file query-v4.pdb (PDB, C-alpha atoms)
ATOM      1  CA  MET B   1       9.110  -4.005   0.078
ATOM      2  CA  ASN B   2      12.147  -6.039   1.176
ATOM      3  CA  VAL B   3      12.856  -7.022   4.742
ATOM      4  CA  PHE B   4      16.339  -7.946   5.882
ATOM      5  CA  THR B   5      17.056 -10.458   8.623
ATOM      6  CA  LYS B   6      20.561 -11.260   9.816
ATOM      7  CA  ALA B   7      21.388 -14.935  10.317
ATOM      8  CA  VAL B   8      23.919 -15.804  12.981
ATOM      9  CA  GLY B   9      26.287 -18.696  13.514
ATOM     10  CA  LEU B  10      27.252 -19.428   9.933
ATOM     11  CA  GLY B  11      29.175 -22.663   9.710
ATOM     12  CA  ASN B  12      29.385 -25.935   7.880
ATOM     13  CA  SER B  13      26.195 -27.854   7.278
ATOM     14  CA  SER B  14      25.765 -31.379   8.568
ATOM     15  CA  CYS B  15      24.501 -32.259   5.075
ATOM     16  CA  SER B  16      26.608 -32.874   1.999
ATOM     17  CA  GLY B  17      28.548 -29.668   2.599
ATOM     18  CA  ALA B  18      27.291 -28.098  -0.633
ATOM     19  CA  ALA B  19      24.740 -25.313  -0.464
ATOM     20  CA  ALA B  20      21.273 -26.181  -1.778
ATOM     21  CA  VAL B  21      19.833 -24.280  -4.732
ATOM     22  CA  CYS B  22      16.210 -23.443  -5.495
ATOM     23  CA  GLY B  23      15.558 -21.471  -8.661
ATOM     24  CA  ASN B  24      18.320 -18.875  -8.834
ATOM     25  CA  VAL B  25      18.803 -18.691  -5.032
ATOM     26  CA  THR B  26      21.722 -20.463  -3.364
ATOM     27  CA  ILE B  27      20.785 -21.572   0.144
ATOM     28  CA  PRO B  28      23.811 -21.769   2.463
ATOM     29  CA  TYR B  29      23.888 -23.118   6.020
ATOM     30  CA  PRO B  30      22.363 -22.268   8.565
ATOM     31  CA  PHE B  31      19.456 -22.257   6.075
ATOM     32  CA  GLY B  32      18.535 -25.440   4.244
ATOM     33  CA  ILE B  33      15.856 -27.352   2.386
ATOM     34  CA  GLU B  34      16.217 -30.909   3.672
ATOM     35  CA  PRO B  35      15.607 -31.925   7.324
ATOM     36  CA  GLY B  36      18.886 -31.879   9.225
ATOM     37  CA  CYS B  37      20.380 -29.373   6.784
ATOM     38  CA  TYR B  38      19.171 -26.251   8.613
ATOM     39  CA  ILE B  39      20.089 -25.142  12.113
ATOM     40  CA  ASP B  40      16.507 -24.661  13.359
ATOM     41  CA  ASP B  41      12.947 -24.754  11.990
ATOM     42  CA  TRP B  42      13.085 -20.949  11.596
ATOM     43  CA  PHE B  43      15.857 -21.482   9.013
ATOM     44  CA  ALA B  44      13.953 -24.089   6.956
ATOM     45  CA  ILE B  45      13.494 -23.143   3.318
ATOM     46  CA  GLY B  46      10.789 -24.652   1.140
ATOM     47  CA  SER B  47      11.304 -25.041  -2.569
ATOM     48  CA  ASN B  48       8.314 -24.634  -4.867
ATOM     49  CA  LYS B  49       9.182 -26.984  -7.730
ATOM     50  CA  THR B  50       6.661 -25.533 -10.205
ATOM     51  CA  SER B  51       7.661 -21.871  -9.871
ATOM     52  CA  GLU B  52      11.210 -22.559  -8.605
ATOM     53  CA  LYS B  53      10.764 -19.947  -5.889
ATOM     54  CA  PRO B  54      12.184 -20.658  -2.441
ATOM     55  CA  PHE B  55      10.183 -19.607   0.615
ATOM     56  CA  LEU B  56      10.850 -19.286   4.325
ATOM     57  CA  ARG B  57       8.682 -22.081   5.738
ATOM     58  CA  SER B  58       8.101 -20.503   9.159
ATOM     59  CA  LEU B  59       6.505 -17.345   7.711
ATOM     60  CA  TYR B  60       5.765 -18.503   4.156
ATOM     61  CA  LEU B  61       7.588 -15.552   2.620
ATOM     62  CA  GLU B  62       9.327 -15.768  -0.750
ATOM     63  CA  VAL B  63      13.128 -15.758  -0.391
ATOM     64  CA  LEU B  64      14.786 -13.389  -2.874
ATOM     65  CA  ASP B  65      18.404 -13.855  -1.799
ATOM     66  CA  ILE B  66      20.643 -15.188   0.969
ATOM     67  CA  SER B  67      24.058 -13.533   1.080
ATOM     68  CA  SER B  68      27.243 -15.373   2.002
ATOM     69  CA  GLU B  69      27.260 -13.242   5.183
ATOM     70  CA  GLY B  70      23.873 -14.726   6.152
ATOM     71  CA  THR B  71      21.516 -11.876   5.290
ATOM     72  CA  LEU B  72      18.144 -13.196   4.189
ATOM     73  CA  ARG B  73      16.130 -10.983   1.831
ATOM     74  CA  VAL B  74      12.440 -11.808   1.480
ATOM     75  CA  ASN B  75       9.504 -10.440  -0.482
ATOM     76  CA  TYR B  76       7.182  -8.934   2.122
ATOM     77  CA  PRO B  77       3.900  -7.947   0.484
ATOM     78  CA  MET B  78       2.073  -4.872   1.735
ATOM     79  CA  SER B  79      -1.691  -4.832   2.097
ATOM     80  CA  ARG B  80      -3.833  -2.046   0.676
ATOM     81  CA  SER B  81      -4.595  -0.723   4.165
ATOM     82  CA  VAL B  82      -0.879  -0.359   4.891
ATOM     83  CA  LEU B  83      -0.349   1.400   1.565
ATOM     84  CA  ARG B  84      -3.137   3.885   2.379
ATOM     85  CA  VAL B  85      -1.504   4.742   5.708
ATOM     86  CA  VAL B  86       1.875   5.233   4.004
ATOM     87  CA  GLU B  87       0.311   7.402   1.299
ATOM     88  CA  GLN B  88      -1.433   9.554   3.914
ATOM     89  CA  LYS B  89       1.822  10.143   5.790
ATOM     90  CA  ILE B  90       3.664  11.064   2.597
ATOM     91  CA  MET B  91       1.070  13.554   1.384
TER      92      MET B  91
END

call {"tool": "encode", "arguments": {"input": "query-v4.pdb", "output": "structure tokens"}}
result
Amino acid sequence: MNVFTKAVGLGNSSCSGAAAVCGNVTIPYPFGIEPGCYIDDWFAIGSNKTSEKPFLRSLYLEVLDISSEGTLRVNYPMSRSVLRVVEQKIM
């Protein structure tokens, strides 16, 4: 399941000006990896060096993509109990 969150206030980063990259995900401002390169702690992205998968630090969710318009797409795992409820409503 993917969850979409809209980022606001896109602008130039106070960092080098170039977007960071982790794995195959480009991380534009207002998101960032290094301190001072993101607008707020909610926009901080961690970069797992071994798996090269970026994650949203505030919620520890894997980041799948960040569009140039500022839409953040994350991998939001569903628990078995949630899946059972969904299955019951479908059937």

call {"tool": "resolve_selection", "arguments": {"input": "query-v4.pdb", "expression": "the PyMOL selection byres ((chain B and resi 55) around 10)", "output": "VMD selection string"}}
result
chain B and resid 22 33 44 to 48 52 to 54 56 to 64 74 to 75

call {"tool": "atom_distance", "arguments": {"input": "query-v4.pdb", "atom1": "CA of Pro35 in chain B", "atom2": "CA of Ser51 in chain B"}}
result
21.4 Å

call {"tool": "closest_residue", "arguments": {"input": "query-v4.pdb", "among": "B:Ala18, B:Ile66, B:Arg73, B:Met78", "to": "Phe31 in chain B", "atoms": "only C-alpha atoms"}}
result
B:Ile66

call {"tool": "closest_residue", "arguments": {"input": "query-v4.pdb", "among": "B:Ala20, B:Thr50, B:Asp65, B:Thr71", "to": "Cys37 in chain B", "atoms": "all atoms listed in the file"}}
result
B:Ala20

call {"tool": "atom_distance", "arguments": {"input": "query-v4.pdb", "atom1": "CA of Glu69 in chain B", "atom2": "CA of Ile27 in chain B"}}
result
11.7 Å

call {"tool": "atom_distance", "arguments": {"input": "query-v4.pdb", "atom1": "CA of Tyr76 in chain B", "atom2": "CA of Glu34 in chain B"}}
result
23.8 Å
